[in-house]
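Since the structure comes first, as structure tokens, the remarks are kept for the end.
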Amino acid sequence: MVEILLDATVRAGTPILFATLGAILNERAGIINLGIEGLMLIGALAGFAGTFYSGSSLIGILAAFAVTFVVGSIHALITVQLRGNQIVSGLALTMFGIGVTALFGREMVGQTIGGLERLPIPGLSQLPIVGRAFFQQDLLIYTSFALVFLLWFFLYRTRTGLALRTVGENPAAADTCGISVSLYRFLAVTTGAGLVGIGGAYLSLAMTPMWIENMSAGRGWIAVALVIFSGWSSGKAMFGAYLFGGITAMQLRFQAIGTDISTHILQMLPYVFTILVLVVSTIRLQKGSSQQPQGLGLPYDREDRK
Amino acid sequence: MPELLQIENIRKTFPGVVALDDVSFSVAPGEIHTLLGENGAGKSTLMNVFTGLYHPDSGRMYLNGEPVHFTSPRDSLSRGIGMVHQHFMLVPAHSVFENILLALDKVRQVYDRKHYQQKMQKLIDTFGLDLDLDTEVWKLSIGAQQWIELIKLLLRDCRLLILDEPTAVLTPQETERLFKVLRLLQEQGKSIIFISHKMREVMEISDRVTVLKKGRSIATLERGHFNRETLAGLMIGRDRIPEWQRNMQMSEKIILDIKNLSVRNDRGLADLDDFSLQLKEGEILGIAGVAGNGQKALAEALTGLKEVSKGQIFAGLVDITHSTARSSYISGIAHIPEDRKSIGIAPDLDVADNLIMKSFKNSFFRRGIFQNRSAIRHNAEEKISRFAIKSGPEGSPVRYLSGGNIQKVIIARELSEQPRVLVALYPTRGLDIGSAEYIHKVIVDGAGRGMSTILIAEDLDELLKLSDRIAVMFRGKLVGYVNPRQTTREEIGLMMSGEKQDQQP
């Protein structure tokens, strides 16, 4: 019972984890991305279509990354090169994603693919309780574990990571150190978008191996909230994503058992949780213990005399 | 002597402003060359041209006799030109180590932490500094932050160091230490471009002085050919320095009594800690202290921008710490804030709108629920001429004005309602002599009319000149009062570093 619940938790949390890590990468460079929801949908469709036409999930995943990388460059172009409003551009990206996937996804509705297989790790997968949840999973989940560590390592232990964080905190300081603010921001936005796309692909390749219109169902917005909750750190993002996954798993379990509580109420729980998360993290932000990059949301113009 | 860096006929314009007009300048190896000029004379712009942050519209630049063309700070840094900006280019949330590392060249992708720590520590020890590499920068004093900036440049082997008003944030003792380091660097053959408003320092450290005025370089003088008077004359030119008479009569009536005040900052630490102060009617009370020792919190607590966590503020006999009396009383306190562009004004509104920000609800400026534009315009015209504000074309945003004129806009607004108390936080910071003198005159004239002023400043000469009493702050506490006519700079300097507790005069 606990094993199954834990397994469902990890699987439900993974797409959000990818999306949150991608968004953290964006915001660490100082760019807010409210297009996560749209990017997830695009990733889900690209991943599904790639797998469907090629017959290989791996190609599907790469397609999801590549397509969202390119779509992310629209947001990068507007916010970094043209110094446009990040909020508006992100919202537009979400609406674009919803619309464009509905349009091009019509052919994919009702199609089936193999989906990602579970790859048990010999030995570890037999561990009690945690074995099934953490060592009998598919390729993407293992990737996500590695990514949590890699993102932390990148940000805190490499020169480029330090430069990226500086770009997000104080772009003028980065500029005077000879760091190209726009290049860093551009690549952080596009690469982050690619990660979000993989999160989307997880929905259509592993969770429910099919394409359903608007299948991200608000998970992108939850990722946006989790970025704040996590204090822009990948470890806490994992915790937050699994917390959300756990609530999703539990409400599904409740539905399966059959309770008197309306399924609508149960399905609401993860979103209620998101609101609570936002309230708590906002209070923390106001207390000043935040890790929010100081340059977040501000376009950088070298010659701006403010 | 062959010049290290030489520029000729540099011109740089911003929309609607000629910031630099035909400027020529040079610096020789091992020379300390001071750049002097009013704010708005183009010093900062010129510096940014040297570092490649701004691209000049025309003109030539030579490094070691070779023509160079910098397109970004990366270019100038790689050629050995480094700058300590007036607003430090540090990341407060990062550690000292991370801040310095970022500035270094050729750091491997996955770097050897130990190696670089040792390298930095060596330099820190050479100069006898007290810096912990793992501390986050926001926890450090401004003086310490400046050392980080300098270390960054030295580790990159810069040949030319540009220091933009480095002493503005230092105690006299710290300034001495900086000068010692600068002379050491000079002996090593490094060139230094030094910017300062403080004549005493310019006289002490410069080999050559170049005076900038209104975007032009008007004179370059060698050591021995300049003194305070000639420099001041060149800087200000024909602009008249306002004259004022100090009225030394002071009443003993206490109009503001601060008792054991504590204020916490955004991070929950104490900015003011058990701080007490008494302000008498008609006095100018100077507050001395190194920036970051609670002066800002004091001003913000008095003007209602910050909540008081402990202690009381009395106005006469009325407790205004928390009561509803606070807001109405506070509206009677004039405030010249520290950061004039972000707090003092609404940068994108014009002068007329900025001038009525405190009084737009007056029936005088209204017709029912609508603004009375002609009254607002008349008010602006009157203030502009009375305070001699160079305001540019009507309706243009205030942020295009020079610092001195922005400050005049703030003063015109704050003082027009005859306040009883003025809280002035670094009112002349970054201003030229002419504007600074004007502000001194306004404060002294106000005192003559019975207005009490809390003057928080970093220039000791300014405090000694204006104040009736000087209170010294250190780490959020009052160290003591001194009488400006019976004290020395050294005594105040020691108190500013928390070392000496003086008796109350």
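Labels for the structure tokens follow display order: chains A, B, ..., residues from 1 in each chain, ligands from 1.
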Give one line per residue of chain A that approaches chain B to at most 6 Å, naming the two atoms of the closest pair and their distance in Å to one decimal, counting only C-alpha atoms; sort by chain then ascending residue number and deliver it as a Markdown table.
```
| residue | atom | partner | partner_atom | distance |
| --- | --- | --- | --- | --- |
| A:Thr158 | CA | B:Val110 | CA | 4.7 |
| A:Arg159 | CA | B:Gln109 | CA | 5.1 |
| A:Ala173 | CA | B:Met89 | CA | 4.3 |
| A:Thr176 | CA | B:Pro73 | CA | 5.3 |
| A:Cys177 | CA | B:Ala103 | CA | 5.2 |
| A:Gly178 | CA | B:Arg74 | CA | 3.9 |
| A:Gly288 | CA | B:Arg267 | CA | 5.2 |
```
Please produce a file of the residues just selected, as a JSON list (two decimals), in the first residue's frame, where the atoms kept are N, CA and C atoms.
```
[["chain", "number", "residue", "atom", "x", "y", "z"],
["A", 158, "THR", "N", 30.11, 25.38, -10.46],
["A", 158, "THR", "CA", 30.82, 25.65, -11.71],
["A", 158, "THR", "C", 30.90, 27.15, -11.95],
["A", 159, "ARG", "N", 31.85, 27.52, -12.77],
["A", 159, "ARG", "CA", 32.06, 28.93, -13.07],
["A", 159, "ARG", "C", 30.86, 29.50, -13.83],
["A", 173, "ALA", "N", 26.58, 43.96, -12.55],
["A", 173, "ALA", "CA", 27.82, 43.41, -12.00],
["A", 173, "ALA", "C", 28.38, 42.36, -12.95],
["A", 176, "THR", "N", 30.01, 44.06, -15.96],
["A", 176, "THR", "CA", 31.32, 44.66, -15.72],
["A", 176, "THR", "C", 32.40, 43.58, -15.56],
["A", 177, "CYS", "N", 31.98, 42.35, -15.27],
["A", 177, "CYS", "CA", 32.96, 41.27, -15.19],
["A", 177, "CYS", "C", 33.17, 40.64, -16.56],
["A", 178, "GLY", "N", 32.57, 41.21, -17.57],
["A", 178, "GLY", "CA", 32.77, 40.69, -18.91],
["A", 178, "GLY", "C", 31.89, 39.50, -19.24],
["A", 288, "GLY", "N", 11.69, 38.31, 4.52],
["A", 288, "GLY", "CA", 13.03, 38.65, 4.05],
["A", 288, "GLY", "C", 13.99, 37.48, 4.01]]
```
(message) If we count only C-alpha atoms and set the cut-off at 12 Å, which residues sit around Phe226 of chain B, ignoring sequence neighbours fewer than 3 positions away in its own chain? Please answer as a list of chain:residue names.
(response) B:Thr34, B:Met199, B:Val202, B:Met203, B:Glu204, B:Ser206, B:Asp207, B:Arg208, B:Val209, B:Thr210, B:Val211, B:Ala219, B:Thr220, B:Leu221, B:Glu222, B:Arg223, B:Glu229, B:Thr230, B:Leu231, B:Ala232, B:Gly233, B:Leu234
Could you please take those selected residues and save C-alpha atoms as a CSV table (one decimal), in the first residue's frame?
```csv
chain,number,residue,atom,x,y,z
B,34,THR,CA,42.3,63.0,-10.1
B,199,MET,CA,39.3,68.8,-1.6
B,202,VAL,CA,42.4,65.6,-3.8
B,203,MET,CA,45.1,67.8,-2.4
B,204,GLU,CA,46.7,64.9,-0.6
B,206,SER,CA,46.9,63.6,-6.7
B,207,ASP,CA,49.8,63.9,-9.0
B,208,ARG,CA,47.7,65.6,-11.5
B,209,VAL,CA,44.1,67.0,-11.5
B,210,THR,CA,41.8,67.4,-14.5
B,211,VAL,CA,38.7,69.5,-14.0
B,219,ALA,CA,42.1,72.3,-17.2
B,220,THR,CA,44.8,69.8,-16.3
B,221,LEU,CA,47.1,70.8,-13.5
B,222,GLU,CA,50.3,69.2,-12.1
B,223,ARG,CA,51.0,68.8,-8.4
B,229,GLU,CA,41.0,77.7,-4.2
B,230,THR,CA,42.1,77.3,-7.8
B,231,LEU,CA,40.4,74.0,-8.1
B,232,ALA,CA,37.1,75.1,-6.5
B,233,GLY,CA,37.2,78.2,-8.8
B,234,LEU,CA,37.7,76.0,-11.9
```
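Ranking A:Arg118, A:Arg132, A:His264, A:Arg28 by their shortest atom-to-atom distance to Val2 of chain A, with only C-alpha atoms included, puts A:Arg132 first.
With only C-alpha atoms as the atoms that count, the residue of B:Pro484, B:Gly37, B:Pro419, B:Gly294 with the shortest distance to Gly332 of chain B is B:Pro419.
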(request) Please report, as a VMD selection string, each residue of segment 9-242 of chain B to which DSSP assigns alpha helix (DSSP H) when run on this structure's backbone. (result) chain B and resid 43 to 50 73 to 78 96 to 103 113 to 126 142 to 155 172 to 187 199 to 205 228 to 236
(request) Would you please give, as a ChimeraX atom specification, all residues of segment 29-173 of chain B that DSSP assigns to strand (DSSP E) based on the backbone? (result) /B:32-37,58-63,66-67,81-84,160-164
(request) Excluding Gln121 of chain B and any residue of its chain fewer than 4 positions from it, enumerate the residues within 10 Å of it, using only C-alpha atoms, and give them as a VMD selection string. (result) chain B and resid 97 116 to 117 125 to 126 129 131 to 133
(request) Find the residues near Ile198 of chain A: any atom within 12 Å, counting only C-alpha atoms, skip ones fewer than 3 places away on the same chain, and give them as JSON, numbers by chain. (result) {"A": [14, 15, 16, 17, 18, 19, 20, 21, 22, 36, 39, 40, 41, 42, 43, 44, 45, 46, 47, 48, 57, 58, 59, 60, 61, 62, 63, 64, 65, 66, 67, 68, 69, 139, 140, 141, 143, 144, 147, 191, 192, 193, 194, 195, 201, 202, 203, 204, 205, 206]}
Give me a file of those residues, with N, CA and C atoms, as a CSV table (one decimal), in the first residue's frame.
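Saved as out_12.csv:
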```
chain,number,residue,atom,x,y,z
A,14,THR,N,6.9,13.9,-11.1
A,14,THR,CA,8.0,14.1,-12.0
A,14,THR,C,7.7,15.1,-13.1
A,15,PRO,N,6.6,15.2,-13.7
A,15,PRO,CA,6.4,16.2,-14.8
A,15,PRO,C,6.5,17.6,-14.1
A,16,ILE,N,6.0,17.8,-12.9
A,16,ILE,CA,6.1,19.1,-12.2
A,16,ILE,C,7.5,19.3,-11.9
A,17,LEU,N,8.3,18.3,-11.5
A,17,LEU,CA,9.7,18.5,-11.1
A,17,LEU,C,10.5,19.0,-12.3
A,18,PHE,N,10.3,18.4,-13.4
A,18,PHE,CA,11.0,18.9,-14.6
A,18,PHE,C,10.7,20.3,-14.9
A,19,ALA,N,9.4,20.6,-14.9
A,19,ALA,CA,8.9,22.0,-15.2
A,19,ALA,C,9.5,23.0,-14.2
A,20,THR,N,9.5,22.6,-12.9
A,20,THR,CA,10.0,23.5,-11.9
A,20,THR,C,11.5,23.7,-12.0
A,21,LEU,N,12.2,22.6,-12.4
A,21,LEU,CA,13.7,22.8,-12.6
A,21,LEU,C,13.9,23.7,-13.8
A,22,GLY,N,13.2,23.6,-14.8
A,22,GLY,CA,13.3,24.4,-16.0
A,22,GLY,C,13.0,25.9,-15.6
A,36,ILE,N,5.1,28.4,-18.7
A,36,ILE,CA,5.4,27.0,-18.4
A,36,ILE,C,4.3,26.1,-18.8
A,39,LEU,N,4.3,25.7,-22.5
A,39,LEU,CA,5.5,24.9,-22.9
A,39,LEU,C,5.3,23.4,-22.6
A,40,MET,N,4.7,23.1,-21.4
A,40,MET,CA,4.4,21.7,-21.1
A,40,MET,C,3.5,21.0,-22.1
A,41,LEU,N,2.5,21.8,-22.5
A,41,LEU,CA,1.6,21.2,-23.5
A,41,LEU,C,2.3,21.0,-24.8
A,42,ILE,N,3.1,21.9,-25.2
A,42,ILE,CA,3.9,21.7,-26.5
A,42,ILE,C,4.8,20.6,-26.4
A,43,GLY,N,5.5,20.5,-25.2
A,43,GLY,CA,6.4,19.3,-25.0
A,43,GLY,C,5.6,18.0,-25.0
A,44,ALA,N,4.4,18.0,-24.4
A,44,ALA,CA,3.6,16.8,-24.4
A,44,ALA,C,3.3,16.3,-25.8
A,45,LEU,N,2.8,17.3,-26.6
A,45,LEU,CA,2.4,16.9,-28.0
A,45,LEU,C,3.6,16.6,-28.8
A,46,ALA,N,4.7,17.3,-28.7
A,46,ALA,CA,5.9,17.0,-29.5
A,46,ALA,C,6.5,15.7,-29.1
A,47,GLY,N,6.5,15.4,-27.8
A,47,GLY,CA,7.0,14.1,-27.3
A,47,GLY,C,6.1,12.9,-27.8
A,48,PHE,N,4.8,13.1,-27.8
A,48,PHE,CA,3.9,12.1,-28.2
A,48,PHE,C,4.0,11.9,-29.7
A,57,SER,N,10.6,6.1,-28.0
A,57,SER,CA,10.4,7.2,-26.9
A,57,SER,C,11.5,8.1,-26.8
A,58,LEU,N,12.7,7.6,-27.0
A,58,LEU,CA,13.9,8.5,-26.9
A,58,LEU,C,13.8,9.6,-27.9
A,59,ILE,N,13.5,9.3,-29.1
A,59,ILE,CA,13.3,10.4,-30.1
A,59,ILE,C,12.2,11.3,-29.7
A,60,GLY,N,11.1,10.7,-29.1
A,60,GLY,CA,10.0,11.6,-28.7
A,60,GLY,C,10.5,12.6,-27.6
A,61,ILE,N,11.3,12.1,-26.7
A,61,ILE,CA,11.8,13.0,-25.6
A,61,ILE,C,12.7,14.1,-26.2
A,62,LEU,N,13.6,13.7,-27.1
A,62,LEU,CA,14.5,14.7,-27.8
A,62,LEU,C,13.6,15.7,-28.6
A,63,ALA,N,12.6,15.2,-29.2
A,63,ALA,CA,11.7,16.1,-30.0
A,63,ALA,C,11.1,17.1,-29.0
A,64,ALA,N,10.6,16.6,-27.9
A,64,ALA,CA,10.0,17.5,-26.9
A,64,ALA,C,10.9,18.6,-26.5
A,65,PHE,N,12.2,18.2,-26.2
A,65,PHE,CA,13.2,19.1,-25.7
A,65,PHE,C,13.5,20.2,-26.8
A,66,ALA,N,13.7,19.6,-28.1
A,66,ALA,CA,14.1,20.5,-29.2
A,66,ALA,C,13.0,21.5,-29.5
A,67,VAL,N,11.7,21.0,-29.6
A,67,VAL,CA,10.6,21.9,-30.0
A,67,VAL,C,10.4,23.0,-28.9
A,68,THR,N,10.4,22.6,-27.6
A,68,THR,CA,10.2,23.6,-26.6
A,68,THR,C,11.4,24.6,-26.5
A,69,PHE,N,12.6,24.1,-26.8
A,69,PHE,CA,13.8,24.9,-26.8
A,69,PHE,C,13.6,26.0,-27.8
A,139,LEU,N,13.2,5.8,-17.5
A,139,LEU,CA,14.4,6.6,-17.8
A,139,LEU,C,14.2,8.0,-17.4
A,140,LEU,N,13.1,8.6,-17.7
A,140,LEU,CA,12.9,10.0,-17.3
A,140,LEU,C,13.0,10.3,-15.9
A,141,ILE,N,12.5,9.4,-15.1
A,141,ILE,CA,12.5,9.6,-13.6
A,141,ILE,C,13.9,9.5,-13.1
A,143,THR,N,16.4,10.3,-14.9
A,143,THR,CA,17.0,11.5,-15.4
A,143,THR,C,16.7,12.7,-14.4
A,144,SER,N,15.5,12.7,-14.0
A,144,SER,CA,15.1,13.8,-13.1
A,144,SER,C,15.9,13.8,-11.8
A,147,LEU,N,19.1,15.2,-12.6
A,147,LEU,CA,19.0,16.6,-12.9
A,147,LEU,C,19.0,17.5,-11.7
A,191,THR,N,17.0,26.7,-22.6
A,191,THR,CA,17.3,25.4,-22.0
A,191,THR,C,16.3,25.1,-20.9
A,192,GLY,N,15.9,26.1,-20.1
A,192,GLY,CA,14.9,25.9,-19.1
A,192,GLY,C,13.6,25.5,-19.8
A,193,ALA,N,13.3,26.1,-20.9
A,193,ALA,CA,12.1,25.8,-21.7
A,193,ALA,C,12.1,24.3,-22.1
A,194,GLY,N,13.3,23.9,-22.6
A,194,GLY,CA,13.5,22.5,-23.0
A,194,GLY,C,13.2,21.5,-21.9
A,195,LEU,N,13.6,21.8,-20.7
A,195,LEU,CA,13.4,21.0,-19.5
A,195,LEU,C,11.9,20.9,-19.2
A,201,ALA,N,6.5,16.1,-21.8
A,201,ALA,CA,6.5,14.8,-22.5
A,201,ALA,C,6.3,13.7,-21.6
A,202,TYR,N,6.6,13.8,-20.3
A,202,TYR,CA,6.4,12.8,-19.3
A,202,TYR,C,4.9,12.5,-19.2
A,203,LEU,N,4.1,13.5,-19.3
A,203,LEU,CA,2.6,13.3,-19.2
A,203,LEU,C,2.2,12.4,-20.3
A,204,SER,N,2.6,12.7,-21.6
A,204,SER,CA,2.0,12.0,-22.7
A,204,SER,C,2.8,10.7,-23.0
A,205,LEU,N,4.0,10.5,-22.4
A,205,LEU,CA,4.7,9.2,-22.7
A,205,LEU,C,4.6,8.2,-21.6
A,206,ALA,N,4.5,8.7,-20.4
A,206,ALA,CA,4.6,7.8,-19.3
A,206,ALA,C,3.3,7.7,-18.4
```
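Here atom CA of Val482 of chain B stands at a distance of 27.2 Å from atom CA of Ser435 of chain B.
For the pair atom CA of Ala19 of chain B and atom CA of Glu338 of chain B, the interatomic distance is 24.3 Å.
Atom to atom, atom CA of Ser56 of chain A and atom CA of Gly105 of chain A stand 18.7 Å apart.
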